[in-house]
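Raw contents of entry23.txt, compact mmCIF, C-alpha atoms:
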```txt
# COMPACT_ATOMS: atom_id res chain seq x y z
CA SER A 757 4.84 -26.44 -45.20
CA LEU A 758 3.51 -24.96 -41.95
CA GLY A 759 3.83 -26.70 -38.61
CA ILE A 760 0.52 -25.26 -37.47
CA ALA A 761 -1.28 -26.61 -40.54
CA GLN A 762 0.22 -30.10 -40.69
CA LYS A 763 -2.16 -33.03 -40.34
CA ILE A 764 -1.83 -36.80 -40.28
CA TYR A 765 -3.94 -38.88 -42.64
CA ILE A 766 -4.74 -42.61 -42.47
CA ARG A 767 -6.41 -44.03 -45.58
CA GLY A 768 -7.51 -40.52 -46.53
CA LEU A 769 -9.08 -39.69 -43.13
CA GLU A 770 -7.47 -36.82 -41.24
CA ASP A 771 -6.41 -37.04 -37.60
CA ASN A 772 -9.76 -35.66 -36.39
CA PHE A 773 -11.12 -39.16 -37.13
CA VAL A 774 -8.13 -40.92 -35.56
CA ASN A 775 -7.38 -41.55 -31.89
CA VAL A 776 -3.89 -40.00 -31.53
CA THR A 777 -2.11 -40.29 -28.19
CA VAL A 778 1.28 -39.17 -26.86
CA ASP A 779 2.33 -41.30 -23.88
CA GLY A 780 -1.34 -42.18 -23.50
CA ALA A 781 -2.65 -38.58 -23.58
CA PRO A 782 -5.10 -38.01 -26.47
CA GLN A 783 -4.51 -35.13 -28.89
CA THR A 784 -8.16 -34.17 -28.87
CA SER A 785 -10.62 -31.92 -30.63
CA THR A 786 -10.18 -29.15 -33.18
CA LEU A 787 -9.36 -25.50 -32.54
CA PHE A 788 -9.76 -24.44 -36.18
CA HIS A 789 -10.46 -26.65 -39.17
CA HIS A 790 -7.69 -24.98 -41.18
CA ILE A 791 -4.94 -25.98 -38.73
CA GLY A 792 -3.69 -29.30 -37.37
CA ARG A 793 -4.02 -30.68 -33.85
CA VAL A 794 -1.17 -33.20 -33.56
CA THR A 795 2.21 -31.84 -32.48
CA ILE A 796 5.23 -33.97 -31.60
CA ASP A 797 8.95 -33.44 -32.10
CA PRO A 798 10.54 -36.48 -33.80
CA ASP A 799 13.67 -36.04 -31.68
CA LEU A 800 11.61 -37.12 -28.67
CA LEU A 801 10.10 -40.24 -30.21
CA LYS A 802 10.98 -43.73 -29.05
CA GLN A 803 8.16 -45.65 -30.71
CA VAL A 804 5.16 -45.13 -33.00
CA GLU A 805 2.30 -47.60 -33.43
CA VAL A 806 -0.18 -47.12 -36.27
CA GLN A 807 -3.53 -48.91 -36.64
CA ALA A 808 -5.34 -48.30 -39.92
CA GLY A 809 -9.11 -48.29 -39.58
CA ALA A 810 -11.26 -49.62 -36.74
CA GLY A 811 -9.36 -52.10 -34.63
CA GLU A 812 -9.14 -53.57 -31.17
CA ALA A 813 -11.13 -52.48 -28.13
CA THR A 814 -8.00 -51.01 -26.54
CA SER A 815 -7.68 -48.38 -29.28
CA GLY A 816 -9.62 -45.79 -27.30
CA ALA A 817 -12.84 -43.87 -27.81
CA GLY A 818 -13.78 -42.60 -31.25
CA SER A 819 -11.08 -44.37 -33.23
CA ILE A 820 -13.26 -44.67 -36.34
CA GLY A 821 -10.34 -43.91 -38.66
CA GLY A 822 -7.71 -45.80 -36.70
CA ALA A 823 -5.22 -45.03 -33.96
CA ILE A 824 -1.70 -43.65 -33.66
CA ARG A 825 0.25 -44.11 -30.43
CA PHE A 826 3.38 -42.03 -29.92
CA LYS A 827 5.73 -42.98 -27.09
CA THR A 828 8.49 -40.58 -26.03
CA LYS A 829 11.98 -41.39 -24.79
CA ASN A 830 13.13 -41.24 -21.19
CA VAL A 831 16.52 -41.16 -19.50
CA ASP A 832 16.84 -44.97 -19.64
CA ASP A 833 16.73 -44.85 -23.45
CA LEU A 834 19.55 -42.29 -23.62
CA LEU A 835 22.07 -43.26 -20.94
CA ALA A 836 24.23 -46.36 -21.11
CA PRO A 837 24.48 -48.49 -17.94
CA GLY A 838 26.85 -46.84 -15.50
CA ASP A 839 26.58 -43.37 -17.06
CA ALA A 840 25.20 -40.57 -14.87
CA PHE A 841 24.69 -37.65 -17.22
CA GLY A 842 24.50 -36.77 -20.89
CA GLY A 843 23.29 -34.20 -23.37
CA LYS A 844 23.12 -33.07 -26.96
CA VAL A 845 23.21 -29.68 -28.67
CA LYS A 846 22.07 -29.42 -32.27
CA ALA A 847 21.99 -26.53 -34.74
CA SER A 848 20.47 -26.71 -38.22
CA HIS A 849 20.15 -24.27 -41.09
CA PHE A 850 17.61 -24.57 -43.91
CA THR A 851 18.62 -22.91 -47.16
CA ASN A 852 14.90 -22.34 -47.82
CA ASP A 853 14.79 -20.61 -45.28
CA GLY A 854 15.31 -20.89 -41.52
CA ASP A 855 17.26 -22.08 -38.51
CA GLN A 856 16.62 -24.63 -35.78
CA TYR A 857 18.38 -25.04 -32.42
CA SER A 858 17.80 -27.66 -29.78
CA ILE A 859 19.37 -28.82 -26.53
CA SER A 860 18.67 -31.93 -24.48
CA LEU A 861 20.03 -32.83 -21.05
CA TYR A 862 19.44 -36.10 -19.21
CA GLY A 863 20.82 -37.68 -16.08
CA ARG A 864 20.34 -39.74 -12.94
CA LEU A 865 18.70 -38.06 -9.97
CA ALA A 866 19.11 -41.15 -7.80
CA GLU A 867 19.77 -44.85 -8.24
CA ASN A 868 16.31 -45.56 -9.70
CA TRP A 869 15.27 -42.10 -10.92
CA GLY A 870 16.27 -39.87 -13.82
CA PHE A 871 15.19 -36.93 -15.93
CA LEU A 872 15.10 -35.74 -19.53
CA ALA A 873 14.89 -32.02 -20.39
CA TYR A 874 14.54 -30.83 -23.98
CA TYR A 875 14.06 -27.48 -25.70
CA ASN A 876 13.72 -26.72 -29.41
CA ASP A 877 13.47 -23.35 -31.15
CA THR A 878 12.73 -23.06 -34.87
CA ASN A 879 12.57 -19.82 -36.86
CA ARG A 880 11.51 -19.91 -40.49
CA GLU A 881 11.27 -17.12 -43.04
CA ASN A 882 8.97 -17.25 -46.05
CA PHE A 883 10.33 -19.88 -48.38
CA GLU A 884 10.59 -19.75 -52.16
CA ASP A 885 8.79 -22.11 -54.50
CA GLY A 886 10.33 -23.93 -57.45
CA ASN A 887 10.10 -20.81 -59.59
CA GLY A 888 12.01 -18.75 -57.00
CA ASP A 889 8.88 -16.83 -55.95
CA GLU A 890 8.38 -16.04 -52.26
CA VAL A 891 5.45 -17.93 -50.71
CA LEU A 892 3.78 -15.54 -48.29
CA GLY A 893 2.42 -16.72 -44.95
CA THR A 894 4.99 -19.52 -44.52
CA ALA A 895 7.24 -17.84 -41.94
CA SER A 896 6.80 -18.84 -38.29
CA ASP A 897 8.51 -19.00 -34.90
CA GLN A 898 8.12 -22.32 -33.08
CA SER A 899 9.30 -23.41 -29.66
CA LEU A 900 8.86 -26.61 -27.70
CA GLY A 901 9.85 -27.46 -24.15
CA PHE A 902 9.65 -30.97 -22.68
CA LEU A 903 10.51 -32.36 -19.24
CA LYS A 904 10.13 -35.96 -18.08
CA VAL A 905 11.02 -37.56 -14.74
CA ASN A 906 10.74 -41.34 -14.43
CA GLY A 907 11.88 -44.10 -12.14
CA ARG A 908 11.01 -47.17 -10.08
CA ILE A 909 8.98 -46.89 -6.90
CA SER A 910 9.80 -50.53 -6.10
CA ASP A 911 10.98 -53.63 -7.96
CA ASN A 912 7.55 -54.04 -9.58
CA GLN A 913 6.28 -50.45 -9.74
CA SER A 914 7.29 -47.56 -12.00
CA LEU A 915 6.20 -43.96 -12.42
CA SER A 916 6.71 -41.35 -15.15
CA LEU A 917 5.75 -37.66 -15.01
CA SER A 918 6.05 -35.39 -18.05
CA TYR A 919 5.27 -31.81 -19.09
CA GLU A 920 5.20 -30.34 -22.60
CA ASN A 921 4.69 -26.81 -23.84
CA ARG A 922 4.53 -25.90 -27.52
CA ASN A 923 4.12 -22.43 -28.99
CA GLU A 924 3.90 -21.10 -32.56
CA GLU A 925 3.59 -17.47 -33.66
CA ALA A 926 3.37 -16.02 -37.16
CA ASP A 927 1.46 -13.87 -39.60
CA PHE A 928 -0.80 -16.44 -41.25
CA SER A 929 -3.46 -16.19 -43.92
CA ALA A 930 -7.13 -16.44 -42.93
CA ARG A 931 -6.85 -20.16 -43.74
CA PRO A 932 -3.27 -21.23 -42.88
CA ASN A 933 -3.44 -24.50 -44.83
CA TRP A 934 -4.41 -22.71 -48.06
CA HIS A 935 -2.03 -21.12 -50.53
CA VAL A 936 -1.80 -17.34 -50.05
CA GLN A 937 -3.15 -15.44 -53.04
CA PRO A 938 -1.41 -12.27 -54.33
CA GLY A 939 -2.48 -9.26 -52.25
CA GLU A 940 -4.08 -11.41 -49.56
CA THR A 941 -3.94 -9.99 -46.02
CA LEU A 942 -1.99 -11.84 -43.33
CA TYR A 943 -3.05 -11.88 -39.68
CA ALA A 944 -0.94 -12.16 -36.54
CA SER A 945 -1.78 -15.48 -34.87
CA GLU A 946 -0.54 -17.66 -32.03
CA ALA A 947 -1.15 -21.29 -31.09
CA GLU A 948 -0.12 -22.94 -27.84
CA ARG A 949 -0.44 -26.39 -26.29
CA GLU A 950 0.36 -27.49 -22.73
CA THR A 951 0.21 -31.10 -21.55
CA TYR A 952 0.77 -32.91 -18.24
CA VAL A 953 0.94 -36.71 -18.21
CA ALA A 954 1.44 -39.27 -15.42
CA ASN A 955 2.06 -42.95 -16.24
CA TYR A 956 2.06 -45.64 -13.54
CA ALA A 957 2.72 -49.38 -13.88
CA LEU A 958 2.44 -52.29 -11.45
CA HIS A 959 3.42 -55.84 -12.36
CA GLN A 960 2.60 -58.69 -9.95
CA GLY A 961 2.54 -62.16 -11.44
CA ASN A 962 0.53 -63.37 -14.42
CA LEU A 963 -2.84 -62.03 -13.29
CA LEU A 964 -1.96 -58.48 -12.26
CA SER A 965 -0.21 -56.09 -14.65
CA VAL A 966 -1.74 -52.65 -14.23
CA GLU A 967 -1.04 -49.62 -16.44
CA ALA A 968 -2.61 -46.29 -15.54
CA THR A 969 -2.43 -42.94 -17.38
CA LEU A 970 -3.67 -39.60 -16.07
CA TYR A 971 -3.48 -36.47 -18.24
CA ASP A 972 -4.45 -32.83 -18.43
CA ALA A 973 -4.04 -30.95 -21.72
CA SER A 974 -5.04 -27.55 -23.03
CA SER A 975 -4.56 -25.92 -26.42
CA SER A 976 -5.45 -22.49 -27.70
CA PHE A 977 -5.45 -20.36 -30.84
CA SER A 978 -5.70 -16.58 -30.99
CA GLY A 979 -5.67 -14.02 -33.80
CA GLY A 980 -6.67 -14.82 -37.34
CA ARG A 981 -8.95 -12.90 -39.65
CA PHE A 982 -11.54 -12.13 -36.94
CA ASP A 983 -9.07 -11.61 -34.08
CA TRP A 984 -10.78 -14.39 -32.13
CA PHE A 985 -9.66 -16.70 -29.34
CA THR A 986 -10.52 -20.32 -28.63
CA GLU A 987 -9.26 -22.83 -26.08
CA ILE A 988 -9.87 -26.53 -25.59
CA SER A 989 -9.05 -28.37 -22.36
CA SER A 990 -9.09 -32.15 -21.87
CA THR A 991 -8.69 -34.14 -18.66
CA GLY A 992 -8.91 -37.88 -18.35
CA PHE A 993 -7.50 -41.26 -17.47
CA ASP A 994 -7.03 -44.80 -18.74
CA VAL A 995 -6.63 -47.72 -16.31
CA ARG A 996 -6.11 -51.22 -17.68
CA ASN A 997 -4.97 -54.61 -16.42
CA THR A 998 -3.44 -57.50 -18.34
CA SER A 999 -3.92 -61.10 -17.22
CA GLN A 1000 -2.08 -64.05 -18.72
CA LEU A 1001 -4.02 -67.32 -18.38
CA GLY A 1002 -1.94 -69.97 -20.08
CA ASP A 1003 -2.24 -69.37 -23.81
CA HIS A 1004 -4.84 -66.64 -23.30
CA ARG A 1005 -4.00 -62.97 -22.75
CA LEU A 1006 -6.75 -60.62 -21.59
CA VAL A 1007 -6.56 -56.80 -21.42
CA TYR A 1008 -9.47 -55.02 -19.77
CA GLY A 1009 -10.02 -51.57 -18.37
CA VAL A 1010 -11.84 -48.26 -18.33
CA ASP A 1011 -11.05 -44.86 -19.84
CA TYR A 1012 -12.66 -41.47 -19.40
CA ARG A 1013 -12.18 -38.03 -20.97
CA ASP A 1014 -13.77 -34.67 -20.20
CA ASP A 1015 -13.51 -31.87 -22.81
CA GLN A 1016 -14.42 -28.20 -22.75
CA VAL A 1017 -14.14 -25.70 -25.59
CA ASP A 1018 -14.41 -21.92 -25.12
CA SER A 1019 -14.56 -19.38 -27.91
CA GLY A 1020 -14.59 -15.59 -28.13
CA ASP A 1021 -12.67 -12.78 -26.48
CA PRO A 1022 -14.49 -11.94 -24.31
CA LEU A 1023 -15.93 -15.46 -23.93
CA ASN A 1024 -19.28 -15.86 -25.70
CA ALA A 1025 -19.65 -19.59 -26.43
CA ARG A 1026 -18.88 -22.81 -24.57
CA GLU A 1027 -19.45 -26.52 -25.12
CA GLU A 1028 -18.72 -29.41 -22.77
CA GLY A 1029 -18.53 -33.12 -23.44
CA ASN A 1030 -17.30 -36.36 -21.95
CA VAL A 1031 -16.94 -39.98 -22.93
CA LEU A 1032 -16.71 -43.07 -20.72
CA GLY A 1033 -15.35 -46.29 -22.19
CA ILE A 1034 -15.25 -49.84 -20.81
CA TYR A 1035 -13.33 -52.43 -22.81
CA ALA A 1036 -11.91 -55.94 -22.93
CA GLN A 1037 -9.60 -57.47 -25.54
CA ALA A 1038 -8.38 -61.06 -25.62
CA HIS A 1039 -5.75 -62.96 -27.61
CA SER A 1040 -5.78 -66.76 -27.61
CA GLN A 1041 -2.91 -68.78 -29.04
CA LEU A 1042 -4.95 -71.71 -30.33
CA THR A 1043 -1.95 -73.43 -31.94
CA ASN A 1044 1.68 -72.49 -32.52
CA GLN A 1045 0.61 -70.88 -35.80
CA LEU A 1046 -2.98 -69.76 -35.14
CA LEU A 1047 -3.83 -66.68 -33.02
CA LEU A 1048 -7.41 -65.66 -32.27
CA SER A 1049 -8.26 -62.10 -31.16
CA TYR A 1050 -11.65 -60.92 -29.94
CA GLY A 1051 -12.90 -57.94 -27.98
CA VAL A 1052 -15.75 -55.66 -27.00
CA ARG A 1053 -15.95 -51.96 -26.18
CA TYR A 1054 -18.75 -49.82 -24.70
CA ASP A 1055 -18.65 -46.02 -25.11
CA ASP A 1056 -21.05 -43.51 -23.57
CA TYR A 1057 -20.95 -39.93 -24.89
CA GLU A 1058 -22.49 -36.84 -23.31
CA PHE A 1059 -22.47 -33.36 -24.86
CA GLU A 1060 -24.00 -30.00 -23.90
CA GLN A 1061 -23.93 -26.43 -25.09
CA LYS A 1062 -23.62 -24.06 -22.13
CA VAL A 1063 -25.68 -20.96 -21.44
CA LEU A 1064 -23.26 -18.30 -20.22
CA PRO A 1065 -24.18 -15.41 -17.90
CA GLY A 1066 -26.13 -12.78 -19.80
CA ASP A 1067 -26.96 -15.18 -22.61
CA ALA A 1068 -30.26 -16.87 -23.44
CA GLY A 1069 -31.59 -19.67 -25.57
CA GLU A 1070 -32.19 -23.39 -25.24
CA PRO A 1071 -28.91 -25.33 -25.22
CA SER A 1072 -28.47 -28.51 -27.25
CA LYS A 1073 -27.74 -31.77 -25.46
CA PHE A 1074 -26.58 -35.16 -26.63
CA ASP A 1075 -26.42 -38.48 -24.74
CA ASP A 1076 -25.82 -41.68 -26.66
CA SER A 1077 -23.88 -44.91 -26.30
CA ASP A 1078 -23.00 -47.97 -28.34
CA ILE A 1079 -21.12 -51.26 -28.24
CA SER A 1080 -18.32 -52.10 -30.69
CA LEU A 1081 -17.16 -55.66 -31.38
CA ASN A 1082 -14.08 -57.07 -33.06
CA ALA A 1083 -12.70 -60.49 -33.93
CA GLY A 1084 -9.80 -61.75 -36.00
CA LEU A 1085 -7.59 -64.68 -36.90
CA SER A 1086 -3.88 -64.61 -37.70
CA TYR A 1087 -2.17 -67.68 -39.16
CA GLU A 1088 1.61 -67.86 -39.49
CA LEU A 1089 2.21 -69.58 -42.82
CA THR A 1090 6.01 -69.37 -42.58
CA GLU A 1091 8.58 -67.41 -40.60
CA HIS A 1092 8.11 -64.47 -42.96
CA TRP A 1093 4.46 -64.77 -44.04
CA VAL A 1094 1.28 -64.30 -42.01
CA LEU A 1095 -2.33 -64.61 -43.22
CA GLY A 1096 -4.88 -62.51 -41.34
CA VAL A 1097 -8.62 -61.97 -41.47
CA GLY A 1098 -10.70 -59.82 -39.17
CA TYR A 1099 -13.76 -57.69 -38.51
CA ALA A 1100 -13.94 -54.60 -36.30
CA GLU A 1101 -16.41 -51.90 -35.35
CA ALA A 1102 -15.90 -48.44 -33.83
CA TYR A 1103 -18.26 -45.76 -32.56
CA ARG A 1104 -17.93 -42.01 -32.03
CA GLY A 1105 -20.58 -39.84 -30.41
CA LYS A 1106 -20.86 -36.05 -30.52
CA LYS A 1107 -17.71 -34.36 -29.26
CA VAL A 1108 -17.17 -30.69 -28.49
CA GLY A 1109 -17.12 -28.75 -31.72
CA ASP A 1110 -14.54 -26.90 -33.77
CA GLY A 1111 -13.53 -23.92 -31.60
CA PHE A 1112 -13.92 -21.53 -34.53
CA THR A 1113 -17.48 -22.53 -35.42
CA ILE A 1114 -19.27 -23.16 -32.11
CA GLU A 1115 -22.20 -20.86 -31.38
CA LYS A 1116 -24.04 -19.73 -28.28
CA PRO A 1117 -27.63 -21.05 -27.92
CA SER A 1118 -29.15 -17.58 -28.38
CA VAL A 1119 -27.80 -17.49 -31.96
CA GLY A 1120 -29.69 -20.67 -32.79
CA VAL A 1121 -29.46 -24.38 -32.05
CA ALA A 1122 -26.15 -25.41 -33.61
CA VAL A 1123 -26.48 -29.10 -32.75
CA ASP A 1124 -29.51 -31.26 -33.51
CA ASN A 1125 -30.73 -32.91 -30.30
CA ASP A 1126 -31.64 -36.00 -32.33
CA LEU A 1127 -28.11 -36.34 -33.72
CA LYS A 1128 -26.80 -39.91 -33.75
CA GLY A 1129 -23.25 -41.07 -33.30
CA GLU A 1130 -20.99 -42.27 -36.11
CA THR A 1131 -20.34 -45.99 -36.55
CA VAL A 1132 -17.92 -47.77 -38.83
CA SER A 1133 -17.18 -51.42 -39.56
```
Here is a file; write its structure as structure tokens.
Amino acid sequence: SLGIAQKIYIRGLEDNFVNVTVDGAPQTSTLFHHIGRVTIDPDLLKQVEVQAGAGEATSGAGSIGGAIRFKTKNVDDLLAPGDAFGGKVKASHFTNDGDQYSISLYGRLAENWGFLAYYNDTNRENFEDGNGDEVLGTASDQSLGFLKVNGRISDNQSLSLSYENRNEEADFSARPNWHVQPGETLYASEAERETYVANYALHQGNLLSVEATLYDASSSFSGGRFDWFTEISSTGFDVRNTSQLGDHRLVYGVDYRDDQVDSGDPLNAREEGNVLGIYAQAHSQLTNQLLLSYGVRYDDYEFEQKVLPGDAGEPSKFDDSDISLNAGLSYELTEHWVLGVGYAEAYRGKKVGDGFTIEKPSVGVAVDNDLKGETVS
């Protein structure tokens, strides 16, 4: 019922176990285990790809529960050829109980360049359940702003730059995803997310087809029962190339992400982590009906608690890596029926922790230095 508490599940595993990306930018880490971490407005969506469970090497680091790839629209998806400008204004009313307003504008900046600007504001009051009783802690004010500029640098090069800001404010219960009990206290809280993404593509013949993504994202939560503050920032990139060699298609590349989580106001705990991935995934069309896929991925995780000025204690550290393999066959029985069989592995090392539960080293070692990564098959 609450935007801030919504989560995505794949085969019973929540999105914390799933590699979720928006235009290639991961929706990483957890601010508070009683709220969600994936936010996207369906009005912006062009395409959604869902992979259930461990899959191909291109799925990204830590995709032990699967992967979800959201792709947003751009001006080329909204304007017909020859049109220079367009827009949409939408107003909605929910009888139980709220209002939503949005406006989108899009147009050509030049022959090969265009923009999309979008803003959404949603205000909800406490709704009533099936018995007509008011459900406390379900009111919220949400806003989302999105701006994307994209175009062609040359006939075989393209560039997209986007910015997103999402904010939600409300009086929530101590655990927003739990039902509010009679007489329970509500606490003023605010969550915010800000994301910058750059996507570049270069296509030059069958051997060179480069796709590069660079992103910087930060999310924060403040308030709650203990009037605390936490913020998570993530910066990274993914660079991959696709080569077509006859009936064989090979995708190979490298991705990297650096995370930092801060907690406390004033700041009293910090964790830092990064992961480097190197991957290759191939598809071979053995016959008109038979497709073979096979790939390998190497991930190296590093994690460290930080000792802040004035603090003490021995910080925990983690450094571990692993290789994940996958292979599969797909046979087209008829035009409408395909038989598939496959095996896949995935690995996830220690990431930065839940912003609400991280501790400073002086309180006690919160992470076992002998901790091992998670593996699935």
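Of the listed residues A:Leu915, A:Leu964, A:Leu835, A:Leu1046, the one whose atoms come nearest to Thr998 of chain A is A:Leu964, with distances taken using all atoms listed in the file.
The interatomic distance for the pair atom CA of Gly1120 of chain A and atom CA of Arg981 of chain A works out to 23.2 Å.
Among the candidate residues A:Gly1109, A:Gly893, A:Gly992, A:Gly907, the one lying nearest to Val936 of chain A is A:Gly893, with distances computed using only C-alpha atoms.
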**Request:** Find the spatial neighbours of Ser848 of chain A, counting only C-alpha atoms, within a cut-off of 10 Å - ignore same-chain residues fewer than 6 positions away - and output them as a count of residues only.
**Result:** 6
**Request:** Pick out the residues sitting within 8 Å of Ala926 of chain A, and hand them over as a list in words; count all atoms listed in the file, and ignore anything fewer than 6 positions along from it in its own chain.
**Result:** Gly893, Ala895, Ser896, Asp897, Ala944, Ser945 and Glu946 of chain A
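If you look at atom CA of Gly816 of chain A and atom CA of Asn775 of chain A, they are 6.6 Å away from each other.
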Can you find the residues with an atom no farther than 6 Å from (-11.7, -14.9, -31.9), counting only C-alpha atoms, and report them as an mmCIF file with C-alpha atoms, keeping the file's coordinate frame?
```
data_model
loop_
_atom_site.group_PDB
_atom_site.id
_atom_site.type_symbol
_atom_site.label_atom_id
_atom_site.label_comp_id
_atom_site.auth_asym_id
_atom_site.auth_seq_id
_atom_site.Cartn_x
_atom_site.Cartn_y
_atom_site.Cartn_z
ATOM 1 C CA PHE A 982 -11.540 -12.130 -36.940
ATOM 2 C CA ASP A 983 -9.070 -11.610 -34.080
ATOM 3 C CA TRP A 984 -10.780 -14.390 -32.130
ATOM 4 C CA PHE A 985 -9.660 -16.700 -29.340
ATOM 5 C CA GLY A 1020 -14.590 -15.590 -28.130
ATOM 6 C CA ASP A 1021 -12.670 -12.780 -26.480
#
```
**Request:** Pick out the closest residue to Ser916 of chain A from this set: A:Asp994, A:Asp885, A:Asp779, A:Asp877. Count all atoms listed in the file.
**Result:** A:Asp779
**Prompt:** Rounded to one decimal in Å, what is the spacing between atom CA of Glu1115 of chain A and atom CA of Ile988 of chain A?
**Reply:**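 Interatomic distance, atom CA of Glu1115 of chain A to atom CA of Ile988 of chain A: 14.8 Å.
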Set the distance at 6 Å and use only C-alpha atoms: which residues neighbour Leu942 of chain A once local chain neighbours fewer than 4 positions away are removed? I'd like the list as a CSV table (one decimal) with C-alpha atoms, in the coordinates of the input.
```
chain,number,residue,atom,x,y,z
A,927,ASP,CA,1.5,-13.9,-39.6
A,928,PHE,CA,-0.8,-16.4,-41.2
A,929,SER,CA,-3.5,-16.2,-43.9
```
How close does segment 765-852 of chain A get to segment 1068-1092 of chain A? List, as CSV, each residue of segment 765-852 of chain A within 10 Å, its nearest atom pair and the distance in Å to one decimal, counting all atoms listed in the file.
```
residue,atom,partner,partner_atom,distance
A:Ala810,CA,A:Asn1082,CA,8.8
A:Gly811,CA,A:Asn1082,CA,7.0
A:Glu812,CA,A:Asn1082,CA,6.3
A:Ala813,CA,A:Asn1082,CA,7.4
```
Would you output that residue set with C-alpha atoms, as a compact mmCIF listing (two decimals), keeping the file's coordinate frame?
```txt
# COMPACT_ATOMS: atom_id res chain seq x y z
CA ALA A 810 -11.26 -49.62 -36.74
CA GLY A 811 -9.36 -52.10 -34.63
CA GLU A 812 -9.14 -53.57 -31.17
CA ALA A 813 -11.13 -52.48 -28.13
```
**Request:** Enumerate, as a ChimeraX atom specification, the protein, DNA and RNA residues whose atoms approach (-15.9, -37.9, -24.6) to within 6 Å, taking into account all atoms listed in the file and the coordinate frame of the file.
**Result:** /A:1013-1014,1029-1031,1057
**Item:** Pick from A:Gly888, A:Gly1033, A:Gly901, A:Gly979, whichever lies nearest to Glu950 of chain A using all atoms listed in the file
**Value:** A:Gly901
**Item:** Shell of 7 Å around Ile824 of chain A, all atoms listed in the file, local chain residues under 2 positions omitted, as JSON, numbers by chain
**Value:** {"A": [775, 776, 777, 805, 806, 807, 826]}
**Request:** Rank nothing, just name the residue among A:Glu890, A:Glu884, A:Asp799, A:Glu867 nearest to Val845 of chain A, using all atoms listed in the file.
**Result:**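 Counting all atoms listed in the file, the residue closest to Val845 of chain A is A:Asp799.
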**Message:** Measuring between only C-alpha atoms, which one of A:Asp889, A:Asn906, A:Lys1062, A:Arg880 shows the shortest distance to His849 of chain A?
**Reply:**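 Closest to His849 of chain A of all the choices is A:Arg880.
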Which residues are near Glu1028 of chain A? Cut-off 8 Å, only C-alpha atoms, ignore same chain within fewer than 6 positions. Put them as an mmCIF file with C-alpha atoms, keeping the file's coordinate frame.
```
data_model
loop_
_atom_site.group_PDB
_atom_site.id
_atom_site.type_symbol
_atom_site.label_atom_id
_atom_site.label_comp_id
_atom_site.auth_asym_id
_atom_site.auth_seq_id
_atom_site.Cartn_x
_atom_site.Cartn_y
_atom_site.Cartn_z
ATOM 1 C CA ASP A 1014 -13.770 -34.670 -20.200
ATOM 2 C CA ASP A 1015 -13.510 -31.870 -22.810
ATOM 3 C CA GLN A 1016 -14.420 -28.200 -22.750
ATOM 4 C CA VAL A 1017 -14.140 -25.700 -25.590
ATOM 5 C CA PHE A 1059 -22.470 -33.360 -24.860
ATOM 6 C CA GLU A 1060 -24.000 -30.000 -23.900
ATOM 7 C CA GLN A 1061 -23.930 -26.430 -25.090
ATOM 8 C CA LYS A 1062 -23.620 -24.060 -22.130
ATOM 9 C CA VAL A 1108 -17.170 -30.690 -28.490
#
```
